file final_33.cif (mmCIF, C-alpha atoms)
data_target
loop_
_atom_site.label_atom_id
_atom_site.label_comp_id
_atom_site.auth_asym_id
_atom_site.auth_seq_id
_atom_site.Cartn_x
_atom_site.Cartn_y
_atom_site.Cartn_z
CA MET A 1128 17.41 8.02 18.46
CA GLN A 1129 14.47 5.82 17.71
CA GLY A 1130 11.44 4.57 19.56
CA LYS A 1131 9.83 1.23 18.97
CA LEU A 1132 6.32 0.28 19.95
CA ASN A 1133 5.95 -3.26 21.28
CA ILE A 1134 3.99 -5.47 18.89
CA GLY A 1135 0.34 -5.45 19.86
CA GLU A 1136 0.49 -2.22 21.88
CA PRO A 1137 -1.84 0.52 20.67
CA ILE A 1138 -0.63 3.72 22.32
CA THR A 1139 2.38 5.46 20.80
CA ILE A 1140 2.36 8.96 22.30
CA PRO A 1141 4.34 8.29 25.52
CA ILE A 1142 7.19 6.85 23.38
CA LEU A 1143 7.28 10.02 21.29
CA HIS A 1144 7.43 12.06 24.48
CA LYS A 1145 10.36 10.10 25.84
CA LEU A 1146 12.22 10.63 22.56
CA LYS A 1147 11.45 14.33 22.52
CA GLU A 1148 12.64 14.72 26.11
CA ARG A 1149 16.03 13.41 25.03
CA MET A 1150 16.38 15.75 22.06
CA ARG A 1151 19.34 18.11 22.28
CA ASP A 1152 18.74 21.76 21.53
CA ASP A 1153 22.30 22.69 20.54
CA VAL A 1154 22.23 20.75 17.26
CA PRO A 1155 19.68 20.55 14.44
CA VAL A 1156 17.21 17.71 15.01
CA ILE A 1157 15.55 15.93 12.10
CA LEU A 1158 12.35 14.04 12.87
CA ASP A 1159 10.89 11.39 10.59
CA CYS A 1160 7.16 11.60 11.23
CA SER A 1161 4.55 8.86 10.91
CA PRO A 1162 1.97 9.21 8.13
CA GLY A 1163 -1.53 10.58 8.55
CA ALA A 1164 -2.91 13.54 10.47
CA SER A 1165 -3.84 12.15 13.87
CA CYS A 1166 -2.34 12.21 17.34
CA THR A 1167 1.11 10.79 16.53
CA VAL A 1168 1.63 13.37 13.80
CA VAL A 1169 0.45 16.22 16.01
CA GLN A 1170 2.79 15.16 18.79
CA THR A 1171 5.76 14.77 16.44
CA VAL A 1172 5.24 18.07 14.66
CA ASP A 1173 4.47 19.99 17.86
CA GLY A 1174 7.27 22.41 18.71
CA CYS A 1175 9.12 22.00 15.42
CA ASP A 1176 10.60 25.00 13.66
CA TYR A 1177 9.88 23.77 10.17
CA CYS A 1178 8.03 20.97 8.40
CA ILE A 1179 8.83 19.34 5.08
CA LEU A 1180 5.74 17.74 3.57
CA VAL A 1181 6.72 14.95 1.19
CA THR A 1182 4.12 14.03 -1.39
CA GLU A 1183 3.71 12.39 -4.78
CA PRO A 1184 1.82 13.58 -7.86
CA THR A 1185 -1.30 11.43 -7.86
CA PRO A 1186 -4.85 12.43 -6.86
CA PHE A 1187 -4.22 10.48 -3.65
CA GLY A 1188 -0.98 12.30 -2.91
CA LEU A 1189 -2.67 15.65 -3.50
CA HIS A 1190 -5.62 14.70 -1.30
CA ASP A 1191 -3.36 13.68 1.59
CA LEU A 1192 -1.14 16.72 1.09
CA LYS A 1193 -4.13 19.02 1.54
CA ILE A 1194 -4.86 17.29 4.87
CA ALA A 1195 -1.24 17.70 5.97
CA VAL A 1196 -1.23 21.36 4.92
CA SER A 1197 -4.37 22.04 6.99
CA LEU A 1198 -2.68 20.42 9.97
CA VAL A 1199 0.59 22.38 9.86
CA ARG A 1200 -1.31 25.61 9.12
CA LYS A 1201 -3.52 24.97 12.13
CA MET A 1202 -0.38 24.38 14.21
CA GLU A 1203 1.21 27.51 12.73
CA ILE A 1204 4.45 25.85 11.68
CA PRO A 1205 6.35 27.07 8.59
CA PHE A 1206 6.48 24.43 5.89
CA GLY A 1207 7.44 23.59 2.33
CA VAL A 1208 6.77 20.73 -0.05
CA VAL A 1209 9.02 18.10 -1.62
CA VAL A 1210 7.49 16.33 -4.62
CA ASN A 1211 8.68 12.74 -4.78
CA LYS A 1212 8.17 10.66 -7.92
CA ALA A 1213 7.72 13.88 -9.91
CA MET A 1214 6.52 13.39 -13.49
CA HIS A 1215 5.89 15.68 -16.42
CA GLU A 1216 2.46 14.15 -16.95
CA ASP A 1217 1.05 15.36 -13.66
CA ARG A 1218 1.59 18.92 -12.41
CA SER A 1219 -1.33 18.83 -9.93
CA ILE A 1220 0.90 19.31 -6.88
CA GLN A 1221 2.73 22.24 -8.46
CA GLU A 1222 -0.57 23.88 -9.44
CA TYR A 1223 -2.04 23.43 -5.99
CA CYS A 1224 1.08 24.83 -4.30
CA LYS A 1225 1.15 27.84 -6.62
CA LEU A 1226 -2.49 28.56 -5.89
CA GLU A 1227 -1.94 28.26 -2.14
CA GLY A 1228 1.37 30.15 -2.12
CA ILE A 1229 3.28 27.11 -0.85
CA GLU A 1230 6.98 26.80 -1.60
CA ILE A 1231 8.11 23.69 -3.48
CA LEU A 1232 11.53 22.92 -2.08
CA MET A 1233 12.55 20.09 -4.38
CA GLU A 1234 11.31 17.64 -6.97
CA ILE A 1235 12.66 14.10 -7.06
CA PRO A 1236 11.88 12.49 -10.42
CA TYR A 1237 10.16 9.13 -10.72
CA MET A 1238 13.07 6.95 -11.79
CA ARG A 1239 13.63 3.24 -11.53
CA LYS A 1240 17.32 3.94 -10.79
CA ILE A 1241 16.50 5.88 -7.60
CA ALA A 1242 13.98 3.25 -6.47
CA GLU A 1243 16.46 0.46 -7.11
CA SER A 1244 19.35 2.01 -5.24
CA TYR A 1245 17.04 2.92 -2.35
CA SER A 1246 15.93 -0.69 -2.13
CA ASN A 1247 19.57 -1.52 -1.45
CA GLY A 1248 19.67 1.07 1.30
CA LYS A 1249 21.57 3.57 -0.87
CA LEU A 1250 20.21 7.10 -0.98
CA PRO A 1251 20.55 9.37 -4.03
CA VAL A 1252 22.82 11.66 -1.95
CA GLN A 1253 25.25 8.80 -1.45
CA THR A 1254 25.54 7.88 -5.08
CA ASP A 1255 25.27 11.16 -6.95
CA LYS A 1256 27.08 14.48 -6.41
CA ASP A 1257 24.20 16.40 -8.01
CA TRP A 1258 21.77 15.07 -5.43
CA GLU A 1259 24.17 15.83 -2.64
CA ASP A 1260 24.29 19.46 -3.80
CA LYS A 1261 20.52 19.62 -4.11
CA PHE A 1262 20.00 18.35 -0.59
CA VAL A 1263 22.58 20.79 0.80
CA GLN A 1264 20.70 23.61 -0.92
CA LEU A 1265 17.41 22.25 0.42
CA TYR A 1266 18.77 22.35 3.95
CA ASP A 1267 20.08 25.88 3.53
CA ARG A 1268 16.68 27.05 2.33
CA ILE A 1269 14.92 25.44 5.26
CA LYS A 1270 17.38 26.88 7.75
CA GLY A 1271 16.50 30.35 6.45
CA SER A 1272 12.77 29.76 6.72
CA ALA A 1273 12.94 28.11 10.11
CA ALA A 1274 14.96 30.95 11.60
CA SER A 1275 12.67 33.70 10.32
CA MET B 363 -18.80 -13.72 4.72
CA LYS B 364 -15.02 -13.54 4.82
CA GLN B 365 -13.31 -10.39 5.95
CA ILE B 366 -9.97 -9.66 4.26
CA VAL B 367 -7.86 -6.74 5.50
CA PHE B 368 -5.00 -5.27 3.48
CA ILE B 369 -2.28 -3.68 5.57
CA SER B 370 1.22 -2.29 5.22
CA GLY B 371 3.80 -1.41 7.80
CA LYS B 372 4.24 1.95 6.11
CA GLY B 373 2.34 4.13 3.65
CA GLY B 374 3.02 4.09 -0.07
CA THR B 375 3.58 0.38 -0.58
CA GLY B 376 0.72 -0.01 -3.06
CA LYS B 377 -1.87 -1.43 -0.66
CA SER B 378 -4.66 0.85 -1.87
CA THR B 379 -3.79 0.18 -5.52
CA VAL B 380 -4.26 -3.54 -4.90
CA VAL B 381 -7.52 -2.92 -3.02
CA ALA B 382 -8.80 -0.58 -5.76
CA SER B 383 -8.03 -3.20 -8.40
CA LEU B 384 -9.80 -5.87 -6.39
CA SER B 385 -12.80 -3.56 -6.11
CA LEU B 386 -13.27 -4.23 -9.84
CA LEU B 387 -12.09 -7.84 -10.01
CA VAL B 388 -13.99 -9.33 -7.06
CA LYS B 389 -17.75 -9.61 -7.31
CA ASN B 390 -20.25 -9.92 -4.47
CA LYS B 391 -18.41 -7.91 -1.82
CA ILE B 392 -18.59 -4.88 0.42
CA MET B 393 -15.68 -2.53 1.08
CA ALA B 394 -14.26 -0.22 3.73
CA ASP B 395 -11.42 2.27 3.88
CA CYS B 396 -9.91 2.13 7.37
CA ASP B 397 -7.14 4.62 6.65
CA VAL B 398 -9.19 7.29 8.39
CA ASP B 399 -6.30 9.75 8.72
CA ALA B 400 -5.83 10.03 4.97
CA PRO B 401 -8.51 8.04 3.19
CA ASN B 402 -8.14 7.63 -0.57
CA LEU B 403 -10.47 4.92 -1.82
CA HIS B 404 -13.47 7.29 -2.00
CA LEU B 405 -11.67 9.20 -4.74
CA LEU B 406 -12.12 6.13 -6.96
CA LEU B 407 -15.48 4.88 -5.75
CA ASN B 408 -18.03 7.56 -6.48
CA GLY B 409 -21.40 6.52 -5.22
CA LYS B 410 -24.68 7.52 -3.74
CA ARG B 411 -24.51 8.45 -0.06
CA LEU B 412 -26.61 6.17 2.11
CA GLN B 413 -25.55 7.40 5.51
CA GLN B 414 -23.45 10.24 6.94
CA ASP B 415 -22.88 10.90 10.63
CA ASP B 416 -20.78 13.07 12.87
CA TYR B 417 -18.55 10.92 14.98
CA PHE B 418 -17.99 11.68 18.65
CA GLY B 419 -15.02 9.46 19.20
CA ALA B 420 -13.27 11.03 22.12
CA GLU B 421 -13.63 12.73 25.41
CA GLN B 422 -11.67 15.73 26.45
CA ALA B 423 -10.93 17.28 29.79
CA VAL B 424 -12.74 20.48 30.67
CA ILE B 425 -11.41 22.56 33.55
CA ASP B 426 -13.85 24.73 35.46
CA SER B 427 -11.72 27.79 36.16
CA ALA B 428 -14.12 28.95 38.90
CA ILE B 429 -13.25 25.85 40.94
CA CYS B 430 -9.59 25.34 39.87
CA ILE B 431 -7.07 26.23 42.58
CA SER B 432 -4.06 26.10 40.20
CA CYS B 433 -2.34 23.42 42.30
CA GLY B 434 -0.72 21.80 39.25
CA ARG B 435 -1.61 18.19 40.07
CA CYS B 436 -3.29 17.76 36.67
CA ARG B 437 -0.17 18.94 34.85
CA GLN B 438 1.94 16.47 36.81
CA VAL B 439 -0.19 13.45 35.94
CA CYS B 440 -0.87 14.30 32.28
CA ARG B 441 1.19 12.02 30.00
CA PHE B 442 0.24 14.05 26.96
CA ASP B 443 1.39 17.52 28.05
CA ALA B 444 -2.16 18.60 27.34
CA ILE B 445 -2.61 21.19 30.08
CA SER B 446 -0.97 24.59 29.72
CA GLU B 447 0.76 26.54 32.47
CA ASP B 448 -2.34 28.69 32.90
CA PHE B 449 -4.49 25.54 33.20
CA GLN B 450 -6.11 25.51 29.81
CA VAL B 451 -6.72 22.12 28.14
CA LEU B 452 -4.96 21.93 24.75
CA PRO B 453 -7.55 20.25 22.49
CA MET B 454 -5.05 18.83 19.99
CA LYS B 455 -3.10 17.10 22.74
CA CYS B 456 -5.71 15.89 25.22
CA GLU B 457 -6.48 12.18 24.76
CA GLY B 458 -9.31 12.15 27.29
CA CYS B 459 -7.67 9.56 29.52
CA GLY B 460 -9.17 11.13 32.62
CA ALA B 461 -6.01 11.02 34.77
CA CYS B 462 -6.44 14.72 35.58
CA VAL B 463 -10.06 14.15 36.61
CA LEU B 464 -8.88 11.61 39.18
CA ALA B 465 -5.95 13.73 40.34
CA CYS B 466 -7.81 17.00 40.81
CA PRO B 467 -8.27 17.53 44.58
CA VAL B 468 -11.18 19.95 44.15
CA SER B 469 -13.08 18.15 41.32
CA ALA B 470 -12.68 21.04 38.91
CA ILE B 471 -12.15 18.77 35.89
CA SER B 472 -14.66 16.69 33.96
CA LEU B 473 -14.69 14.90 30.61
CA ALA B 474 -16.87 16.02 27.70
CA ASP B 475 -17.62 14.35 24.35
CA VAL B 476 -15.94 15.84 21.28
CA LYS B 477 -16.57 15.35 17.58
CA THR B 478 -13.49 13.76 16.03
CA GLY B 479 -14.65 12.99 12.53
CA GLU B 480 -17.38 11.99 10.14
CA THR B 481 -18.45 8.57 8.87
CA PHE B 482 -19.99 7.74 5.49
CA VAL B 483 -21.62 4.75 3.84
CA ASP B 484 -21.99 4.92 0.06
CA SER B 485 -23.73 2.72 -2.46
CA THR B 486 -21.33 2.30 -5.39
CA GLU B 487 -21.34 0.32 -8.61
CA ARG B 488 -18.69 -1.91 -7.05
CA GLY B 489 -20.60 -2.55 -3.81
CA THR B 490 -21.45 -0.88 -0.53
CA PHE B 491 -18.55 1.19 0.75
CA SER B 492 -17.94 2.48 4.28
CA HIS B 493 -15.40 5.18 5.03
CA ALA B 494 -14.66 8.11 7.31
CA LEU B 495 -12.59 11.19 7.74
CA LEU B 496 -10.86 11.99 10.99
CA ASP B 497 -10.86 15.67 11.85
CA ILE B 498 -7.48 17.33 11.36
CA GLY B 499 -5.27 16.52 14.32
CA ALA B 500 -7.99 14.63 16.17
CA GLU B 501 -7.16 11.60 18.28
CA GLY B 502 -8.93 8.29 18.51
CA SER B 503 -8.41 7.06 14.96
CA GLY B 504 -8.59 3.46 16.21
CA LYS B 505 -12.10 3.97 17.54
CA LEU B 506 -13.16 5.61 14.29
CA VAL B 507 -11.84 2.58 12.37
CA THR B 508 -14.03 0.35 14.53
CA GLU B 509 -16.99 2.60 13.73
CA VAL B 510 -16.25 2.35 9.97
CA LYS B 511 -16.30 -1.42 10.22
CA GLU B 512 -19.48 -1.48 12.30
CA ASN B 513 -21.16 0.75 9.73
CA LEU B 514 -20.04 -1.62 7.00
CA PHE B 515 -21.32 -4.71 8.74
CA GLY B 516 -24.62 -2.93 9.34
CA HIS B 517 -25.09 -2.96 5.56
CA ILE B 518 -24.34 -6.62 4.81
CA ASN B 519 -26.74 -8.06 2.26
CA GLY B 520 -25.59 -11.62 1.64
CA GLU B 521 -22.20 -10.63 0.18
CA GLU B 522 -19.41 -13.19 0.15
CA TRP B 523 -16.47 -10.88 0.90
CA ALA B 524 -15.59 -7.77 2.87
CA ILE B 525 -12.49 -6.15 1.42
CA ILE B 526 -10.93 -3.70 3.81
CA ASP B 527 -8.17 -1.20 3.16
CA GLY B 528 -6.35 -1.03 6.48
CA SER B 529 -4.34 1.81 7.90
CA PRO B 530 -0.55 2.04 7.88
CA GLY B 531 1.72 1.39 10.87
CA ILE B 532 1.26 -1.03 13.76
CA GLY B 533 -0.58 1.14 16.33
CA CYS B 534 -4.17 1.44 17.45
CA SER B 535 -5.81 2.06 14.08
CA VAL B 536 -4.11 -0.98 12.52
CA ILE B 537 -5.11 -3.18 15.41
CA ALA B 538 -8.68 -1.90 15.01
CA SER B 539 -8.50 -2.59 11.24
CA MET B 540 -7.44 -6.20 11.82
CA THR B 541 -9.86 -7.07 14.59
CA GLY B 542 -12.22 -9.85 13.53
CA ALA B 543 -10.54 -10.40 10.15
CA ASP B 544 -10.45 -13.85 8.55
CA ALA B 545 -7.16 -12.96 6.88
CA VAL B 546 -4.68 -10.16 6.64
CA VAL B 547 -2.66 -9.43 3.52
CA ALA B 548 0.49 -7.38 4.12
CA VAL B 549 1.57 -5.46 1.02
CA CYS B 550 5.27 -4.68 1.17
CA GLU B 551 8.15 -3.47 -0.98
CA PRO B 552 11.55 -5.11 -1.38
CA THR B 553 13.56 -2.46 0.44
CA LYS B 554 15.45 -2.82 3.70
CA SER B 555 12.99 -0.59 5.54
CA GLY B 556 10.08 -2.27 3.76
CA GLN B 557 11.14 -5.67 4.99
CA SER B 558 11.46 -4.56 8.60
CA ASP B 559 8.06 -2.77 8.46
CA MET B 560 6.50 -5.93 7.05
CA GLU B 561 7.97 -8.13 9.77
CA ARG B 562 6.56 -5.84 12.43
CA VAL B 563 3.07 -5.68 10.97
CA LEU B 564 3.06 -9.49 10.50
CA GLY B 565 4.02 -9.70 14.16
CA VAL B 566 0.86 -7.78 15.06
CA ALA B 567 -1.28 -10.18 12.98
CA ARG B 568 0.33 -13.17 14.67
CA HIS B 569 -0.07 -11.58 18.11
CA PHE B 570 -3.83 -11.45 17.51
CA GLY B 571 -3.92 -14.91 15.92
CA ILE B 572 -5.07 -13.78 12.46
CA PRO B 573 -3.85 -15.75 9.40
CA ALA B 574 -1.49 -13.46 7.49
CA PHE B 575 -0.34 -13.49 3.87
CA VAL B 576 2.16 -11.39 1.99
CA CYS B 577 2.16 -9.57 -1.33
CA ILE B 578 5.51 -8.19 -2.53
CA ASN B 579 4.89 -5.13 -4.66
CA LYS B 580 7.57 -3.95 -7.14
CA TYR B 581 9.31 -7.25 -6.37
CA ASP B 582 11.66 -6.96 -9.36
CA LEU B 583 13.20 -3.74 -8.03
CA ASN B 584 15.39 -5.84 -5.78
CA LEU B 585 15.38 -9.58 -6.32
CA LYS B 586 17.80 -10.14 -3.47
CA ILE B 587 15.56 -8.57 -0.84
CA THR B 588 12.53 -10.20 -2.47
CA ALA B 589 14.26 -13.54 -1.94
CA ALA B 590 15.07 -12.60 1.66
CA ILE B 591 11.41 -11.69 2.28
CA GLU B 592 10.27 -14.98 0.76
CA HIS B 593 12.74 -16.86 2.93
CA TYR B 594 11.53 -15.05 6.05
CA CYS B 595 7.89 -15.72 5.14
CA GLU B 596 8.49 -19.39 4.49
CA LYS B 597 10.36 -19.83 7.77
CA ASN B 598 7.64 -18.07 9.75
CA GLY B 599 4.56 -19.48 8.06
CA PHE B 600 3.33 -16.45 6.14
CA PRO B 601 2.52 -17.60 2.57
CA VAL B 602 3.64 -15.16 -0.13
CA ILE B 603 0.50 -15.10 -2.28
CA GLY B 604 1.43 -12.41 -4.76
CA LYS B 605 4.30 -10.68 -6.46
CA ILE B 606 3.66 -7.56 -8.52
CA SER B 607 6.21 -6.04 -10.90
CA PHE B 608 7.51 -2.48 -10.91
CA GLU B 609 5.38 -0.77 -13.54
CA PRO B 610 5.48 3.02 -14.14
CA GLU B 611 2.20 2.75 -16.07
CA ILE B 612 0.41 2.15 -12.75
CA VAL B 613 1.30 5.62 -11.48
CA LYS B 614 0.24 7.16 -14.80
CA ALA B 615 -3.10 5.35 -14.55
CA LEU B 616 -3.64 6.46 -10.94
CA GLN B 617 -2.96 10.04 -11.99
CA ARG B 618 -6.07 9.70 -14.18
CA LEU B 619 -7.93 8.06 -11.26
CA LYS B 620 -7.83 4.71 -13.05
CA THR B 621 -6.87 1.40 -11.51
CA PRO B 622 -4.55 -0.96 -13.40
CA VAL B 623 -7.71 -2.91 -14.30
CA GLU B 624 -9.35 0.03 -16.09
CA ALA B 625 -6.05 1.07 -17.65
CA GLN B 626 -5.71 -2.50 -18.93
CA ILE B 627 -2.17 -3.01 -17.67
CA ASP B 628 -2.55 -6.70 -18.38
CA ASN B 629 0.54 -8.12 -16.68
CA ILE B 630 -0.34 -6.32 -13.41
CA VAL B 631 -4.00 -7.34 -13.58
CA ARG B 632 -2.94 -10.96 -14.03
CA GLU B 633 -0.66 -10.69 -10.99
CA ILE B 634 -3.45 -9.23 -8.86
CA GLU B 635 -5.90 -11.89 -10.06
CA ARG B 636 -3.37 -14.55 -9.19
CA LEU B 637 -3.02 -13.08 -5.70
CA TRP B 638 -6.76 -13.20 -5.14
CA ASN B 639 -7.11 -16.76 -6.42
CA ARG B 640 -4.24 -17.89 -4.26
CA LEU B 641 -5.83 -16.22 -1.23
CA LYS B 642 -9.13 -17.96 -1.91
CA ALA B 643 -7.35 -21.30 -2.25
CA GLU B 644 -5.41 -20.77 1.00
CA LEU B 645 -8.56 -19.85 2.92
CA GLY B 646 -10.45 -22.79 1.40
CA ALA B 647 -7.67 -25.15 2.45
CA ARG B 648 -7.79 -23.76 5.98
CA ASP B 649 -11.56 -24.28 6.15
CA GLU B 650 -11.20 -27.87 4.93
CA PHE B 651 -8.50 -28.48 7.51
CA LYS B 652 -10.80 -27.18 10.23
CA GLU B 653 -13.58 -29.49 9.00
CA VAL B 654 -11.29 -32.51 9.11
CA MET B 655 -10.08 -31.59 12.62
CA LYS B 656 -13.69 -31.58 13.84
#
call {"tool": "encode", "arguments": {"input": "final_33.cif", "output": "structure tokens"}}
result
Amino acid sequence: MQGKLNIGEPITIPILHKLKERMRDDVPVILDCSPGASCTVVQTVDGCDYCILVTEPTPFGLHDLKIAVSLVRKMEIPFGVVVNKAMHEDRSIQEYCKLEGIEILMEIPYMRKIAESYSNGKLPVQTDKDWEDKFVQLYDRIKGSAAS
Amino acid sequence: MKQIVFISGKGGTGKSTVVASLSLLVKNKIMADCDVDAPNLHLLLNGKRLQQDDYFGAEQAVIDSAICISCGRCRQVCRFDAISEDFQVLPMKCEGCGACVLACPVSAISLADVKTGETFVDSTERGTFSHALLDIGAEGSGKLVTEVKENLFGHINGEEWAIIDGSPGIGCSVIASMTGADAVVAVCEPTKSGQSDMERVLGVARHFGIPAFVCINKYDLNLKITAAIEHYCEKNGFPVIGKISFEPEIVKALQRLKTPVEAQIDNIVREIERLWNRLKAELGARDEFKEVMK
């Protein structure tokens, strides 16, 4: 399911509500949330069993991650972190998560190959068995945390 | 003064990297960060604080339980599910629209001002800089963006340019970012989703009649989609004024809080300079055209 705001319209919340009304509860539902920490994010995350916070290892990524962490903590939703564009040079996200006791679910390395195949609409899970396995494991871990 | 707003349909396209680079390359300008949900530019622009204010950007319903008769009318009319079964207003959900105030048969509900963020104006080596931080989970980011811009324009001192980092998406905060702009530059990536996001955000610029230009970041990741974007832009009258290559050194520089300019990534700096010169030429040509039409 997807919702689409008309061009030039400012208010997005009622669209999110309509989508959420149509969500089934007998199957897992994956929601792709908008960025930021304001009303659309609150409304999307509200009622979820688990949140994956996707970030990247730059001072900006870390800064925004801290905002997202405050939000999901305030909303009391279990969460974990996926580090996209992970690099050896910058371990700031890992250090922050360790300090805060936040689970890092997965690291996706910064690789031109991944960026290139994504630009063609191909995901790493579609092109690489290793990534498929990693994402299956990721989902299993989340299922455990969301149920508890 | 010309007001240039950088936008992107989605986060992470490199918009703020371009703006941060321009903060060093362009002289005689003021700046604002309108991504009030997750502002980043202040991390690069350390300065002296000139102004700091609490921002009361929203109203919220308050139910007087002594008067409330628990009839449920307010819950029926609320589009935001912001009133609980025991008639408490949920602060993170209430948008302050006032529908419940109108619906309440016994006038038990009123609206009260709430603080939704803070605004800042800094004096930096690169120019006056206005920014803000929305409180976690607060609503009304569009109004806060307008406040950031008003604060900025309150500090104009003969500068030639206002360079504004817009917010992602196409909703209220983006519309607020674009309002009054002389030009919008959409920074996009050559991916399938990137192209569709770009088309939507360009649609918003066109809807409001603001001249829009395009910068394709990491264009060499996918030359086919880059060509498709260029074709779309040409057909629809959005000049592509810049193409920036995929360059891992940019991320490494940003990790050290350095822009490509400070990290001396020469090919990227040249591409960003070219973008700015092209933008100036395009705007100049438009002004001349307007003069002739008079």
call {"tool": "residues_around", "arguments": {"input": "final_33.cif", "residues": "range 1189-1200 of chain A", "least_positions_apart": "6", "cutoff": "7 Å", "atoms": "all atoms listed in the file", "output": "list in words"}}
result
Ala1164, Thr1182 and Ile1220 of chain A; Ala400, Ile498 and Gly499 of chain B
call {"tool": "closest_residue", "arguments": {"input": "final_33.cif", "among": "B:Ile518, B:Ala615, B:Met454, B:Ala465", "to": "Arg437 in chain B", "atoms": "only C-alpha atoms"}}
result
B:Ala465
call {"tool": "residues_around", "arguments": {"input": "final_33.cif", "residues": "Asn1133 in chain A", "least_positions_apart": "3", "cutoff": "10 Å", "atoms": "all atoms listed in the file", "output": "list in words"}}
result
Gly1130, Glu1136, Pro1137, Ile1138 and Thr1139 of chain A; Ile532, Gly533, Arg562, Gly565 and Val566 of chain B
call {"tool": "write_last_selection", "arguments": {"input": "final_33.cif", "atoms": "C-alpha atoms", "output": "mmCIF file, in the coordinates of the input"}}
result
data_model
loop_
_atom_site.group_PDB
_atom_site.id
_atom_site.type_symbol
_atom_site.label_atom_id
_atom_site.label_comp_id
_atom_site.auth_asym_id
_atom_site.auth_seq_id
_atom_site.Cartn_x
_atom_site.Cartn_y
_atom_site.Cartn_z
ATOM 1 C CA GLY A 1130 11.440 4.570 19.560
ATOM 2 C CA GLU A 1136 0.490 -2.220 21.880
ATOM 3 C CA PRO A 1137 -1.840 0.520 20.670
ATOM 4 C CA ILE A 1138 -0.630 3.720 22.320
ATOM 5 C CA THR A 1139 2.380 5.460 20.800
ATOM 6 C CA ILE B 532 1.260 -1.030 13.760
ATOM 7 C CA GLY B 533 -0.580 1.140 16.330
ATOM 8 C CA ARG B 562 6.560 -5.840 12.430
ATOM 9 C CA GLY B 565 4.020 -9.700 14.160
ATOM 10 C CA VAL B 566 0.860 -7.780 15.060
#
call {"tool": "residues_near_point", "arguments": {"input": "final_33.cif", "point": "(22.7, -2.2, -5.3)", "cutoff": "12 Å", "atoms": "only C-alpha atoms", "output": "PyMOL selection string"}}
result
(chain A and resi 1240-1251+1253-1254) or (chain B and resi 553-554+583-587)
call {"tool": "write_last_selection", "arguments": {"input": "final_33.cif", "atoms": "C-alpha atoms", "output": "PDB file, in the frame of the given file"}}
result
ATOM      1  CA  LYS A1240      17.320   3.940 -10.790  1.00  0.00           C
ATOM      2  CA  ILE A1241      16.500   5.880  -7.600  1.00  0.00           C
ATOM      3  CA  ALA A1242      13.980   3.250  -6.470  1.00  0.00           C
ATOM      4  CA  GLU A1243      16.460   0.460  -7.110  1.00  0.00           C
ATOM      5  CA  SER A1244      19.350   2.010  -5.240  1.00  0.00           C
ATOM      6  CA  TYR A1245      17.040   2.920  -2.350  1.00  0.00           C
ATOM      7  CA  SER A1246      15.930  -0.690  -2.130  1.00  0.00           C
ATOM      8  CA  ASN A1247      19.570  -1.520  -1.450  1.00  0.00           C
ATOM      9  CA  GLY A1248      19.670   1.070   1.300  1.00  0.00           C
ATOM     10  CA  LYS A1249      21.570   3.570  -0.870  1.00  0.00           C
ATOM     11  CA  LEU A1250      20.210   7.100  -0.980  1.00  0.00           C
ATOM     12  CA  PRO A1251      20.550   9.370  -4.030  1.00  0.00           C
ATOM     13  CA  GLN A1253      25.250   8.800  -1.450  1.00  0.00           C
ATOM     14  CA  THR A1254      25.540   7.880  -5.080  1.00  0.00           C
TER      15      THR A1254
ATOM     16  CA  THR B 553      13.560  -2.460   0.440  1.00  0.00           C
ATOM     17  CA  LYS B 554      15.450  -2.820   3.700  1.00  0.00           C
ATOM     18  CA  LEU B 583      13.200  -3.740  -8.030  1.00  0.00           C
ATOM     19  CA  ASN B 584      15.390  -5.840  -5.780  1.00  0.00           C
ATOM     20  CA  LEU B 585      15.380  -9.580  -6.320  1.00  0.00           C
ATOM     21  CA  LYS B 586      17.800 -10.140  -3.470  1.00  0.00           C
ATOM     22  CA  ILE B 587      15.560  -8.570  -0.840  1.00  0.00           C
TER      23      ILE B 587
END
call {"tool": "residues_around", "arguments": {"input": "final_33.cif", "residues": "range 487-489 of chain B", "least_positions_apart": "4", "cutoff": "8 Å", "atoms": "all atoms listed in the file", "output": "list in words"}}
result
Ser385, Leu386, Lys389, Asn390, Lys391, Ile392, Met393, Leu407 and Gly409 of chain B
call {"tool": "resolve_selection", "arguments": {"input": "final_33.cif", "expression": "the PyMOL selection byres ((chain B) within 9 of (chain A))", "output": "number ranges by chain"}}
result
B: 372-373, 397-403, 405, 441-443, 454-455, 457, 496-504, 530-537, 551-556, 562-563, 565-567, 569-570, 583-584, 587, 608, 610, 613-614, 616-619
call {"tool": "resolve_selection", "arguments": {"input": "final_33.cif", "expression": "the PyMOL selection byres ((chain B and resi 631) around 12)", "output": "PyMOL selection string"}}
result
chain B and resi 379-384+386-387+604-607+609+612+621-630+632-638
call {"tool": "resolve_selection", "arguments": {"input": "final_33.cif", "expression": "the PyMOL selection byres ((chain B and resi 412) around 12)", "output": "MDAnalysis selection string"}}
result
chainID B and resid 409:411 413:415 481:486 490:493 513:514 516:517
call {"tool": "atom_distance", "arguments": {"input": "final_33.cif", "atom1": "CA of Cys430 in chain B", "atom2": "CA of Lys1147 in chain A"}}
result
29.4 Å
call {"tool": "closest_residue", "arguments": {"input": "final_33.cif", "among": "A:Asp1260, A:Cys1178, A:Glu1148, A:Arg1268", "to": "Glu1203 in chain A", "atoms": "only C-alpha atoms"}}
result
A:Cys1178
call {"tool": "closest_residue", "arguments": {"input": "final_33.cif", "among": "B:Asp527, B:Asp582, B:Glu561, B:Glu650", "to": "Gly376 in chain B", "atoms": "all atoms listed in the file"}}
result
B:Asp527
